[in-house]
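Shown here: model.cif, mmCIF, C-alpha atoms.
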```
data_structure
loop_
_atom_site.label_atom_id
_atom_site.label_comp_id
_atom_site.auth_asym_id
_atom_site.auth_seq_id
_atom_site.Cartn_x
_atom_site.Cartn_y
_atom_site.Cartn_z
CA MET A 1 128.62 138.10 116.53
CA TYR A 2 129.57 136.48 119.84
CA ARG A 3 133.00 135.22 118.86
CA PHE A 4 134.51 137.68 121.34
CA LEU A 5 133.28 135.42 124.15
CA PHE A 6 136.14 133.05 123.33
CA SER A 7 138.72 135.78 123.90
CA SER A 8 140.94 135.53 126.98
CA LYS A 9 139.37 138.66 128.47
CA TRP A 10 135.81 137.37 128.29
CA LEU A 11 136.80 133.87 129.42
CA GLY A 12 138.37 135.56 132.44
CA TYR A 13 135.11 137.42 133.09
CA LEU A 14 133.21 134.12 132.89
CA LEU A 15 135.61 132.46 135.33
CA LEU A 16 135.22 135.39 137.73
CA ALA A 17 131.42 135.10 137.51
CA ALA A 18 131.61 131.36 138.18
CA VAL A 19 133.84 131.86 141.24
CA PHE A 20 131.57 134.58 142.62
CA ALA A 21 128.44 132.49 142.03
CA THR A 22 130.06 129.47 143.73
CA ALA A 23 130.91 131.59 146.77
CA CYS A 24 127.31 132.85 146.88
CA VAL A 25 125.96 129.29 146.75
CA LEU A 26 128.27 128.21 149.59
CA LEU A 27 127.21 131.18 151.72
CA GLY A 28 123.56 130.46 150.95
CA ARG A 29 123.97 126.82 151.99
CA TRP A 30 125.75 127.94 155.18
CA GLN A 31 122.77 130.13 156.04
CA MET A 32 120.42 127.21 155.33
CA ASP A 33 122.46 124.98 157.67
CA ARG A 34 122.27 127.63 160.39
CA ARG A 35 118.52 127.86 159.84
CA ALA A 36 118.23 124.07 160.21
CA GLU A 37 120.12 124.24 163.51
CA THR A 38 117.91 127.09 164.70
CA LEU A 39 114.74 125.21 163.78
CA ALA A 40 116.00 122.13 165.62
CA GLU A 41 116.65 124.25 168.72
CA ILE A 42 113.18 125.81 168.42
CA ASN A 43 111.62 122.34 168.21
CA ARG A 44 113.45 121.27 171.36
CA VAL A 45 112.27 124.37 173.22
CA VAL A 46 108.67 123.90 172.07
CA SER A 47 108.66 120.18 172.93
CA ASN A 48 110.61 120.15 176.21
CA TYR A 49 110.66 123.55 177.89
CA SER A 50 107.18 123.46 179.41
CA ALA A 51 106.62 119.71 179.43
CA THR A 52 105.78 117.88 182.67
CA PRO A 53 108.94 117.29 184.75
CA ILE A 54 110.27 113.76 184.82
CA PRO A 55 111.87 112.14 187.91
CA PHE A 56 115.63 111.92 188.29
CA ALA A 57 115.57 108.14 187.90
CA ALA A 58 114.24 108.57 184.35
CA ALA A 59 116.73 111.32 183.54
CA ARG A 60 119.91 110.02 185.18
CA ASP A 61 121.43 108.82 181.90
CA GLN A 62 120.94 112.32 180.47
CA PHE A 63 123.05 113.77 183.30
CA VAL A 64 125.77 111.33 182.25
CA HIS A 65 125.49 112.01 178.52
CA LEU A 66 122.85 114.45 177.33
CA ASP A 67 121.04 113.63 174.09
CA ALA A 68 120.65 116.80 172.03
CA GLU A 69 116.94 116.09 171.59
CA ARG A 70 116.45 116.04 175.36
CA GLU A 71 117.89 119.49 176.02
CA TRP A 72 115.53 121.75 178.03
CA THR A 73 113.73 118.71 179.46
CA GLN A 74 112.41 119.46 182.97
CA VAL A 75 113.62 117.11 185.70
CA GLU A 76 112.43 116.94 189.30
CA LEU A 77 115.26 116.56 191.84
CA ARG A 78 115.20 116.03 195.61
CA GLY A 79 118.15 116.78 197.85
CA SER A 80 120.07 119.70 199.31
CA TYR A 81 122.50 122.37 198.11
CA ASP A 82 126.18 122.28 199.00
CA THR A 83 126.59 126.01 199.63
CA ALA A 84 130.33 125.62 200.26
CA GLY A 85 130.76 124.57 196.64
CA GLN A 86 128.90 127.56 195.19
CA ARG A 87 130.69 129.35 192.33
CA ILE A 88 130.16 132.47 190.19
CA VAL A 89 130.50 132.08 186.40
CA ARG A 90 132.08 135.10 184.74
CA ASN A 91 131.15 136.96 181.55
CA ARG A 92 127.52 135.88 181.25
CA PRO A 93 125.52 138.60 179.48
CA LEU A 94 121.73 138.68 179.68
CA ASN A 95 119.63 140.90 177.41
CA GLY A 96 122.77 142.78 176.45
CA GLN A 97 123.83 143.46 180.07
CA PRO A 98 127.09 142.02 181.49
CA GLY A 99 126.87 139.87 184.58
CA TYR A 100 127.38 136.49 186.21
CA GLU A 101 125.59 133.19 186.80
CA VAL A 102 125.43 131.32 190.10
CA VAL A 103 126.09 127.54 190.06
CA VAL A 104 125.72 125.32 193.13
CA PRO A 105 126.25 121.54 193.60
CA PHE A 106 123.01 119.75 194.48
CA LYS A 107 123.41 116.54 196.45
CA LEU A 108 120.60 114.16 195.60
CA ASP A 109 118.92 111.80 198.03
CA SER A 110 120.39 108.98 195.93
CA GLY A 111 123.88 110.11 196.93
CA GLU A 112 124.85 111.49 193.54
CA THR A 113 125.53 115.18 192.82
CA VAL A 114 124.42 117.38 189.95
CA VAL A 115 125.06 121.07 189.28
CA ILE A 116 122.25 123.64 189.31
CA ASP A 117 122.52 127.05 187.66
CA ARG A 118 120.31 129.16 189.94
CA GLY A 119 120.18 132.33 187.82
CA TRP A 120 121.83 135.57 186.74
CA LEU A 121 123.34 138.48 188.68
CA PRO A 122 124.37 141.90 187.35
CA ILE A 123 127.89 143.24 187.73
CA GLY A 124 128.48 144.89 191.10
CA ASN A 125 129.31 148.48 192.02
CA LYS A 126 131.15 147.76 195.27
CA THR A 127 133.82 145.25 194.32
CA PRO A 128 135.19 145.15 190.75
CA GLY A 129 134.93 141.74 189.11
CA SER A 130 132.15 140.36 191.29
CA PRO A 131 128.46 140.94 192.04
CA ASP A 132 127.51 143.05 195.04
CA SER A 133 125.77 140.10 196.71
CA VAL A 134 124.90 136.48 195.95
CA PRO A 135 121.52 135.23 197.22
CA ALA A 136 121.91 132.09 199.33
CA PRO A 137 120.10 128.92 198.22
CA PRO A 138 117.39 127.57 200.53
CA PRO A 139 118.76 125.32 203.30
CA GLY A 140 117.82 121.77 204.06
CA ASN A 141 116.12 119.17 201.95
CA ILE A 142 114.19 120.75 199.03
CA THR A 143 112.67 119.87 195.68
CA VAL A 144 114.16 121.45 192.59
CA VAL A 145 112.81 121.48 189.05
CA ALA A 146 115.59 122.18 186.55
CA ARG A 147 115.96 122.09 182.77
CA LEU A 148 118.76 120.02 181.24
CA LYS A 149 121.66 121.87 179.61
CA HIS A 150 124.90 120.62 178.06
CA SER A 151 128.18 120.96 179.92
CA GLU A 152 130.25 123.78 178.42
CA PRO A 153 133.75 123.48 176.98
CA GLU A 154 136.79 124.53 178.93
CA LEU A 155 138.04 128.04 178.23
CA GLN A 156 141.77 128.64 178.19
CA ARG A 157 141.60 131.46 180.69
CA GLY A 158 141.71 131.71 184.43
CA ALA A 159 139.21 133.01 186.96
CA PRO A 160 139.56 134.41 190.51
CA ASP A 161 138.92 132.22 193.51
CA GLY A 162 135.27 131.30 193.85
CA GLN A 163 134.63 131.90 190.14
CA LEU A 164 134.55 129.85 186.92
CA ALA A 165 135.34 130.88 183.37
CA SER A 166 132.63 128.54 182.03
CA ILE A 167 130.29 125.81 183.23
CA ASP A 168 132.84 123.11 182.49
CA LEU A 169 131.54 120.37 184.78
CA THR A 170 134.71 118.30 184.68
CA ALA A 171 136.86 121.25 185.82
CA TYR A 172 134.21 122.20 188.38
CA SER A 173 134.23 118.68 189.81
CA ALA A 174 138.03 118.85 190.12
CA GLN A 175 137.70 122.05 192.16
CA LEU A 176 135.07 120.54 194.44
CA GLY A 177 137.15 117.47 195.19
CA TYR A 178 134.25 115.02 194.78
CA PRO A 179 132.50 113.59 191.72
CA VAL A 180 129.52 115.21 190.02
CA LEU A 181 127.57 114.03 186.99
CA THR A 182 129.31 115.84 184.13
CA GLY A 183 127.09 115.14 181.10
CA ALA A 184 124.61 117.92 181.85
CA TYR A 185 123.64 120.50 184.44
CA GLY A 186 120.24 121.89 185.39
CA GLN A 187 119.04 125.43 184.74
CA LEU A 188 116.74 126.28 187.63
CA ALA A 189 113.01 126.47 186.95
CA SER A 190 111.68 126.37 190.54
CA GLU A 191 112.59 125.53 194.15
CA THR A 192 110.25 124.22 196.85
CA PRO A 193 110.30 125.74 199.38
CA PRO A 194 111.50 128.91 197.65
CA ALA A 195 114.41 131.01 198.85
CA ALA A 196 113.82 134.41 200.42
CA GLU A 197 115.92 136.05 197.72
CA MET A 198 116.62 134.70 194.25
CA PRO A 199 118.97 135.52 191.38
CA ILE A 200 117.26 136.79 188.26
CA GLY A 201 115.59 133.90 186.43
CA PHE A 202 116.43 133.01 182.86
CA PRO A 203 113.97 134.04 180.13
CA LYS A 204 112.49 131.43 177.83
CA PRO A 205 114.69 130.92 174.76
CA SER A 206 113.50 132.68 171.63
CA THR A 207 111.50 130.66 169.13
CA ASP A 208 112.11 133.14 166.32
CA GLU A 209 114.08 131.51 163.51
CA GLY A 210 115.69 134.82 162.55
CA THR A 211 116.75 135.96 159.10
CA HIS A 212 118.68 132.90 157.94
CA LEU A 213 116.15 132.02 155.22
CA SER A 214 116.05 135.53 153.74
CA TYR A 215 119.85 135.76 153.82
CA SER A 216 120.23 132.41 152.07
CA LEU A 217 117.78 133.44 149.33
CA GLN A 218 119.67 136.71 148.89
CA TRP A 219 122.98 134.86 148.42
CA PHE A 220 121.42 132.50 145.86
CA ALA A 221 119.94 135.50 144.04
CA PHE A 222 123.34 137.22 143.97
CA GLY A 223 124.84 134.13 142.35
CA VAL A 224 122.16 134.08 139.63
CA LEU A 225 122.42 137.83 139.07
CA MET A 226 126.15 137.50 138.42
CA PHE A 227 125.43 135.38 135.34
CA VAL A 228 122.56 137.67 134.34
CA GLY A 229 124.98 140.59 134.49
CA PHE A 230 127.53 138.66 132.43
CA GLY A 231 124.91 137.89 129.78
CA TYR A 232 123.76 141.52 129.70
CA ALA A 233 127.34 142.74 129.30
CA ALA A 234 127.94 140.24 126.48
CA ARG A 235 124.75 141.36 124.74
CA GLN A 236 125.77 145.01 125.02
CA GLN A 237 129.21 144.19 123.60
CA ALA A 238 127.64 142.38 120.65
CA ARG A 239 125.26 145.29 119.98
CA ASN A 240 128.08 147.81 120.18
CA ALA A 241 130.13 145.72 117.74
CA GLU A 242 127.14 145.56 115.39
CA ILE A 243 126.62 149.33 115.58
CA ASP A 244 130.33 149.92 114.96
CA ALA A 245 130.21 147.67 111.90
CA GLU A 246 127.19 149.57 110.53
CA ASP A 247 128.90 152.90 111.16
CA ALA A 248 132.03 151.70 109.38
CA ALA A 249 129.98 150.58 106.39
CA ASP A 250 128.15 153.94 106.24
CA GLN A 251 131.45 155.80 106.43
CA ALA A 252 132.88 153.67 103.60
CA VAL A 253 129.87 154.44 101.39
CA ALA A 254 130.11 158.17 102.18
CA ALA A 255 133.83 158.22 101.45
CA ASP A 256 133.30 156.50 98.10
CA GLY A 257 130.62 159.05 97.10
CA TYR A 258 132.88 161.95 98.04
CA LEU A 259 135.69 160.50 95.90
CA HIS A 260 133.44 160.28 92.84
CA ALA A 261 132.12 163.82 93.35
CA SER A 262 135.57 165.45 93.64
CA ASN A 263 137.20 163.48 90.77
CA PRO A 264 134.65 163.16 87.92
CA ALA A 265 135.51 160.82 85.06
CA PRO A 266 137.05 162.63 81.95
CA ARG A 267 134.72 163.22 79.03
CA ARG A 268 135.58 161.39 75.83
CA ARG A 269 136.33 163.53 72.81
CA PRO A 270 134.16 162.82 69.77
CA VAL A 271 135.93 160.88 67.08
CA PRO A 272 136.25 163.11 63.97
CA ARG A 273 134.49 161.83 60.94
CA LYS A 274 136.60 160.96 57.96
CA ARG A 275 135.95 163.04 54.84
CA LYS A 276 135.02 161.16 51.76
CA THR A 277 137.66 161.36 48.96
CA ALA A 278 136.31 163.10 45.84
CA THR A 279 136.40 161.10 42.64
CA ALA A 280 138.00 162.48 39.44
CA GLU A 281 134.60 162.88 37.80
CA GLU A 282 133.31 164.96 40.70
CA GLU A 283 136.42 167.19 40.52
CA GLU A 284 135.90 167.79 36.79
CA ASP A 285 132.24 168.79 37.39
CA ALA A 286 133.34 171.21 40.08
CA ILE A 287 135.87 172.89 37.69
CA LEU A 288 133.27 173.32 34.95
CA ASP A 289 130.81 174.82 37.40
CA ALA A 290 133.42 177.31 38.47
CA GLN A 291 134.12 178.39 34.81
CA GLY A 292 130.46 178.92 34.15
CA PHE A 293 129.92 176.11 31.80
#
```

Produce structure tokens that represent the structure in this file.
Amino acid sequence: MYRFLFSSKWLGYLLLAAVFATACVLLGRWQMDRRAETLAEINRVVSNYSATPIPFAAARDQFVHLDAEREWTQVELRGSYDTAGQRIVRNRPLNGQPGYEVVVPFKLDSGETVVIDRGWLPIGNKTPGSPDSVPAPPPGNITVVARLKHSEPELQRGAPDGQLASIDLTAYSAQLGYPVLTGAYGQLASETPPAAEMPIGFPKPSTDEGTHLSYSLQWFAFGVLMFVGFGYAARQQARNAEIDAEDAADQAVAADGYLHASNPAPRRRPVPRKRKTATAEEEEDAILDAQGF
């Protein structure tokens, strides 16, 4: 009944189903990997974002090379801003709105320098390509609490004077002309004493894992359904073949009955009986009867 499955056409269908199912599995695994990355980021936010700030001495190695598990850790820094080294970072959307971020070198009391991202500014209406105004950081010696963030990769595009295409700390240090710690920068949490005017602060990162799990399950289901569909199609083909065979048999029986009805078999003629030959004695008796004797 299912011998047709070994035909080239059905083997091609099976190969197509296998390729589609494999693609679905790969896409499902990709979504699971993205979910794992998202959950790891959520765990870092939950563990580090609101934890008690640690002193710079305990976090210095992270500014040299940031461990992924220490991202968002709060660090307490003491020193002063180098306002001459302030830069605007281009193309930094926030909540769907285009804008900029303000980064400033922060010279620590220890003599080393780190970079602080002080916040976000919307695009300006006065001068194209720049914010209308940039709030100045507080002067003098202050205390800053900042959250650790990875240095960003270099983007192969330029930026106007006083601006950066990304927070690439190595390129930023080259512009400044003096060394900064390039393993991480700090995203501002608070300044003491505070500035009179501040850029817009960054919102807390989302701890919603998103739809990666549901998408991965959907892709796995699509892969299974492909084989279910193949099996259903094969079953329908077998049933159709069975019905066709039954119809052909019924038609053969009907055709045979019609042939017998239109061409009946010829009737056999009865075989004539042979007459008995009269004996001489019987003939003589018949003659005498006829003469009246």

Exercise for review: Kindly provide, as a ChimeraX atom specification, the polymer residues lying within 12 Å of (113.6, 124.4, 170.7), counting all atoms listed in the file and using the coordinates exactly as they appear in the file.
Suggested key: /A:36-50,68-73,204-209

Could you write those residues out with C-alpha atoms, as an mmCIF file, in the frame of the given file?
```cif
data_model
loop_
_atom_site.group_PDB
_atom_site.id
_atom_site.type_symbol
_atom_site.label_atom_id
_atom_site.label_comp_id
_atom_site.auth_asym_id
_atom_site.auth_seq_id
_atom_site.Cartn_x
_atom_site.Cartn_y
_atom_site.Cartn_z
ATOM 1 C CA ALA A 36 118.230 124.070 160.210
ATOM 2 C CA GLU A 37 120.120 124.240 163.510
ATOM 3 C CA THR A 38 117.910 127.090 164.700
ATOM 4 C CA LEU A 39 114.740 125.210 163.780
ATOM 5 C CA ALA A 40 116.000 122.130 165.620
ATOM 6 C CA GLU A 41 116.650 124.250 168.720
ATOM 7 C CA ILE A 42 113.180 125.810 168.420
ATOM 8 C CA ASN A 43 111.620 122.340 168.210
ATOM 9 C CA ARG A 44 113.450 121.270 171.360
ATOM 10 C CA VAL A 45 112.270 124.370 173.220
ATOM 11 C CA VAL A 46 108.670 123.900 172.070
ATOM 12 C CA SER A 47 108.660 120.180 172.930
ATOM 13 C CA ASN A 48 110.610 120.150 176.210
ATOM 14 C CA TYR A 49 110.660 123.550 177.890
ATOM 15 C CA SER A 50 107.180 123.460 179.410
ATOM 16 C CA ALA A 68 120.650 116.800 172.030
ATOM 17 C CA GLU A 69 116.940 116.090 171.590
ATOM 18 C CA ARG A 70 116.450 116.040 175.360
ATOM 19 C CA GLU A 71 117.890 119.490 176.020
ATOM 20 C CA TRP A 72 115.530 121.750 178.030
ATOM 21 C CA THR A 73 113.730 118.710 179.460
ATOM 22 C CA LYS A 204 112.490 131.430 177.830
ATOM 23 C CA PRO A 205 114.690 130.920 174.760
ATOM 24 C CA SER A 206 113.500 132.680 171.630
ATOM 25 C CA THR A 207 111.500 130.660 169.130
ATOM 26 C CA ASP A 208 112.110 133.140 166.320
ATOM 27 C CA GLU A 209 114.080 131.510 163.510
#
```

Point to revise | Nearest to Pro139 (chain A) by atom-to-atom distance, counting only C-alpha atoms, from A:Ala196, A:Leu11, A:Ala252, A:Ala233 | key: A:Ala196

Assuming the chain letters and numbering stay as they are in my file, what does the PyMOL selection byres ((chain A and resi 144-147) around 7) actually select? List them as an mmCIF file with C-alpha atoms, in the frame of the given file.
```cif
data_model
loop_
_atom_site.group_PDB
_atom_site.id
_atom_site.type_symbol
_atom_site.label_atom_id
_atom_site.label_comp_id
_atom_site.auth_asym_id
_atom_site.auth_seq_id
_atom_site.Cartn_x
_atom_site.Cartn_y
_atom_site.Cartn_z
ATOM 1 C CA TRP A 72 115.530 121.750 178.030
ATOM 2 C CA THR A 73 113.730 118.710 179.460
ATOM 3 C CA GLN A 74 112.410 119.460 182.970
ATOM 4 C CA VAL A 75 113.620 117.110 185.700
ATOM 5 C CA GLU A 76 112.430 116.940 189.300
ATOM 6 C CA LEU A 77 115.260 116.560 191.840
ATOM 7 C CA ARG A 78 115.200 116.030 195.610
ATOM 8 C CA ILE A 142 114.190 120.750 199.030
ATOM 9 C CA THR A 143 112.670 119.870 195.680
ATOM 10 C CA LEU A 148 118.760 120.020 181.240
ATOM 11 C CA LYS A 149 121.660 121.870 179.610
ATOM 12 C CA GLY A 186 120.240 121.890 185.390
ATOM 13 C CA GLN A 187 119.040 125.430 184.740
ATOM 14 C CA LEU A 188 116.740 126.280 187.630
ATOM 15 C CA ALA A 189 113.010 126.470 186.950
ATOM 16 C CA SER A 190 111.680 126.370 190.540
ATOM 17 C CA GLU A 191 112.590 125.530 194.150
ATOM 18 C CA THR A 192 110.250 124.220 196.850
#
```

Check your understanding: Written as a ChimeraX atom specification, which residues does the PyMOL selection byres ((chain A and resi 119) around 10) give for the file shown?
Key -> /A:100-103,116-118,120-121,135,187-189,198-202

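Atom to atom, CA of Trp219 (chain A) and CA of Cys24 (chain A) stand 5.0 Å apart.
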
Specify as a PDB file with C-alpha atoms, keeping the file's coordinate frame each residue included when the PyMOL selection byres ((chain A and resi 27) around 12) is applied to this file.
```pdb
ATOM      1  CA  PHE A  20     131.570 134.580 142.620  1.00  0.00           C
ATOM      2  CA  ALA A  21     128.440 132.490 142.030  1.00  0.00           C
ATOM      3  CA  THR A  22     130.060 129.470 143.730  1.00  0.00           C
ATOM      4  CA  ALA A  23     130.910 131.590 146.770  1.00  0.00           C
ATOM      5  CA  CYS A  24     127.310 132.850 146.880  1.00  0.00           C
ATOM      6  CA  VAL A  25     125.960 129.290 146.750  1.00  0.00           C
ATOM      7  CA  LEU A  26     128.270 128.210 149.590  1.00  0.00           C
ATOM      8  CA  GLY A  28     123.560 130.460 150.950  1.00  0.00           C
ATOM      9  CA  ARG A  29     123.970 126.820 151.990  1.00  0.00           C
ATOM     10  CA  TRP A  30     125.750 127.940 155.180  1.00  0.00           C
ATOM     11  CA  GLN A  31     122.770 130.130 156.040  1.00  0.00           C
ATOM     12  CA  MET A  32     120.420 127.210 155.330  1.00  0.00           C
ATOM     13  CA  ASP A  33     122.460 124.980 157.670  1.00  0.00           C
ATOM     14  CA  ARG A  34     122.270 127.630 160.390  1.00  0.00           C
ATOM     15  CA  HIS A 212     118.680 132.900 157.940  1.00  0.00           C
ATOM     16  CA  LEU A 213     116.150 132.020 155.220  1.00  0.00           C
ATOM     17  CA  TYR A 215     119.850 135.760 153.820  1.00  0.00           C
ATOM     18  CA  SER A 216     120.230 132.410 152.070  1.00  0.00           C
ATOM     19  CA  LEU A 217     117.780 133.440 149.330  1.00  0.00           C
ATOM     20  CA  GLN A 218     119.670 136.710 148.890  1.00  0.00           C
ATOM     21  CA  TRP A 219     122.980 134.860 148.420  1.00  0.00           C
ATOM     22  CA  PHE A 220     121.420 132.500 145.860  1.00  0.00           C
ATOM     23  CA  ALA A 221     119.940 135.500 144.040  1.00  0.00           C
ATOM     24  CA  PHE A 222     123.340 137.220 143.970  1.00  0.00           C
ATOM     25  CA  GLY A 223     124.840 134.130 142.350  1.00  0.00           C
TER      26      GLY A 223
END
```

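Between CA of Ala241 (chain A) and CA of Val19 (chain A) there is a distance of 27.5 Å.
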
Check your understanding: Of the candidates A:Pro105, A:Pro128, A:Gly231, A:Gly99, which shows the shortest atom-to-atom distance to Ser173 (chain A), using all atoms listed in the file?
Key -> A:Pro105

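Of the listed residues (A:Val134, A:Ala234, A:Ala248, A:Leu16), A:Val134 comes nearest to Val104 (chain A); the distances count only C-alpha atoms.
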
Env of Gly111 (chain A): 12 Å cut, atoms = all atoms listed in the file, seq-sep filter 3 positions within chain, self excluded. Answer as a compact mmCIF listing (two decimals) with C-alpha atoms, keeping the file's coordinate frame.
```txt
# COMPACT_ATOMS: atom_id res chain seq x y z
CA LEU A 77 115.26 116.56 191.84
CA ARG A 78 115.20 116.03 195.61
CA GLY A 79 118.15 116.78 197.85
CA SER A 80 120.07 119.70 199.31
CA PHE A 106 123.01 119.75 194.48
CA LYS A 107 123.41 116.54 196.45
CA LEU A 108 120.60 114.16 195.60
CA VAL A 114 124.42 117.38 189.95
CA TYR A 178 134.25 115.02 194.78
CA PRO A 179 132.50 113.59 191.72
CA VAL A 180 129.52 115.21 190.02
CA LEU A 181 127.57 114.03 186.99
```

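Relative to CA of Thr113 (chain A), CA of Ala184 (chain A) is found at 11.3 Å.
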
Check your understanding: With distances taken over all atoms listed in the file, which of A:Pro153, A:Pro160, A:Gly210, A:Gly177 is nearest to Ile88 (chain A)?
Key -> A:Pro160

Exercise for review: Check the smallest atom-to-atom distance from each of A:Ala84, A:Leu155, A:Ala136, A:Leu169 to Ala195 (chain A) using all atoms listed in the file, then report the winner.
Suggested key: A:Ala136

Atoms kept (N, CA, C and O atoms) for region 145-160 of chain A, as a PDB file, in the first residue's frame:
```
ATOM      1  N   VAL A 145      29.027  57.980  42.014  1.00  0.00           N
ATOM      2  CA  VAL A 145      28.686  56.550  42.001  1.00  0.00           C
ATOM      3  C   VAL A 145      28.270  56.209  40.576  1.00  0.00           C
ATOM      4  O   VAL A 145      27.367  56.836  40.019  1.00  0.00           O
ATOM      5  N   ALA A 146      28.974  55.251  39.984  1.00  0.00           N
ATOM      6  CA  ALA A 146      28.722  54.878  38.582  1.00  0.00           C
ATOM      7  C   ALA A 146      28.650  53.361  38.465  1.00  0.00           C
ATOM      8  O   ALA A 146      29.252  52.633  39.268  1.00  0.00           O
ATOM      9  N   ARG A 147      27.931  52.912  37.444  1.00  0.00           N
ATOM     10  CA  ARG A 147      27.766  51.481  37.183  1.00  0.00           C
ATOM     11  C   ARG A 147      28.679  51.077  36.021  1.00  0.00           C
ATOM     12  O   ARG A 147      28.721  51.740  34.990  1.00  0.00           O
ATOM     13  N   LEU A 148      29.365  49.952  36.184  1.00  0.00           N
ATOM     14  CA  LEU A 148      30.347  49.510  35.202  1.00  0.00           C
ATOM     15  C   LEU A 148      29.688  49.058  33.901  1.00  0.00           C
ATOM     16  O   LEU A 148      28.707  48.305  33.904  1.00  0.00           O
ATOM     17  N   LYS A 149      30.251  49.518  32.784  1.00  0.00           N
ATOM     18  CA  LYS A 149      29.795  49.124  31.450  1.00  0.00           C
ATOM     19  C   LYS A 149      31.011  48.834  30.575  1.00  0.00           C
ATOM     20  O   LYS A 149      32.064  49.457  30.716  1.00  0.00           O
ATOM     21  N   HIS A 150      30.848  47.893  29.640  1.00  0.00           N
ATOM     22  CA  HIS A 150      31.937  47.529  28.736  1.00  0.00           C
ATOM     23  C   HIS A 150      32.245  48.659  27.756  1.00  0.00           C
ATOM     24  O   HIS A 150      31.340  49.368  27.291  1.00  0.00           O
ATOM     25  N   SER A 151      33.529  48.806  27.426  1.00  0.00           N
ATOM     26  CA  SER A 151      33.912  49.686  26.334  1.00  0.00           C
ATOM     27  C   SER A 151      33.281  49.186  25.038  1.00  0.00           C
ATOM     28  O   SER A 151      33.139  47.978  24.822  1.00  0.00           O
ATOM     29  N   GLU A 152      32.896  50.107  24.173  1.00  0.00           N
ATOM     30  CA  GLU A 152      32.213  49.744  22.933  1.00  0.00           C
ATOM     31  C   GLU A 152      33.206  49.602  21.790  1.00  0.00           C
ATOM     32  O   GLU A 152      34.300  50.194  21.814  1.00  0.00           O
ATOM     33  N   PRO A 153      32.848  48.830  20.771  1.00  0.00           N
ATOM     34  CA  PRO A 153      33.756  48.673  19.629  1.00  0.00           C
ATOM     35  C   PRO A 153      33.821  49.942  18.790  1.00  0.00           C
ATOM     36  O   PRO A 153      32.909  50.775  18.808  1.00  0.00           O
ATOM     37  N   GLU A 154      34.905  50.053  18.047  1.00  0.00           N
ATOM     38  CA  GLU A 154      35.073  51.191  17.154  1.00  0.00           C
ATOM     39  C   GLU A 154      34.139  51.059  15.960  1.00  0.00           C
ATOM     40  O   GLU A 154      33.992  49.969  15.396  1.00  0.00           O
ATOM     41  N   LEU A 155      33.510  52.136  15.588  1.00  0.00           N
ATOM     42  CA  LEU A 155      32.656  52.173  14.401  1.00  0.00           C
ATOM     43  C   LEU A 155      33.424  52.843  13.265  1.00  0.00           C
ATOM     44  O   LEU A 155      34.089  53.857  13.477  1.00  0.00           O
ATOM     45  N   GLN A 156      33.317  52.237  12.092  1.00  0.00           N
ATOM     46  CA  GLN A 156      34.050  52.775  10.939  1.00  0.00           C
ATOM     47  C   GLN A 156      33.289  53.950  10.329  1.00  0.00           C
ATOM     48  O   GLN A 156      32.839  53.905   9.181  1.00  0.00           O
ATOM     49  N   ARG A 157      33.129  54.987  11.122  1.00  0.00           N
ATOM     50  CA  ARG A 157      32.507  56.205  10.634  1.00  0.00           C
ATOM     51  C   ARG A 157      32.999  57.377  11.485  1.00  0.00           C
ATOM     52  O   ARG A 157      33.333  57.216  12.657  1.00  0.00           O
ATOM     53  N   GLY A 158      33.048  58.527  10.858  1.00  0.00           N
ATOM     54  CA  GLY A 158      33.571  59.686  11.543  1.00  0.00           C
ATOM     55  C   GLY A 158      32.523  60.393  12.383  1.00  0.00           C
ATOM     56  O   GLY A 158      31.354  59.996  12.446  1.00  0.00           O
ATOM     57  N   ALA A 159      32.956  61.433  13.060  1.00  0.00           N
ATOM     58  CA  ALA A 159      32.080  62.258  13.888  1.00  0.00           C
ATOM     59  C   ALA A 159      32.641  63.675  13.887  1.00  0.00           C
ATOM     60  O   ALA A 159      33.858  63.877  13.780  1.00  0.00           O
ATOM     61  N   PRO A 160      31.785  64.691  14.006  1.00  0.00           N
ATOM     62  CA  PRO A 160      32.275  66.086  14.053  1.00  0.00           C
ATOM     63  C   PRO A 160      33.155  66.322  15.284  1.00  0.00           C
ATOM     64  O   PRO A 160      33.192  65.512  16.218  1.00  0.00           O
TER      65      PRO A 160
END
```
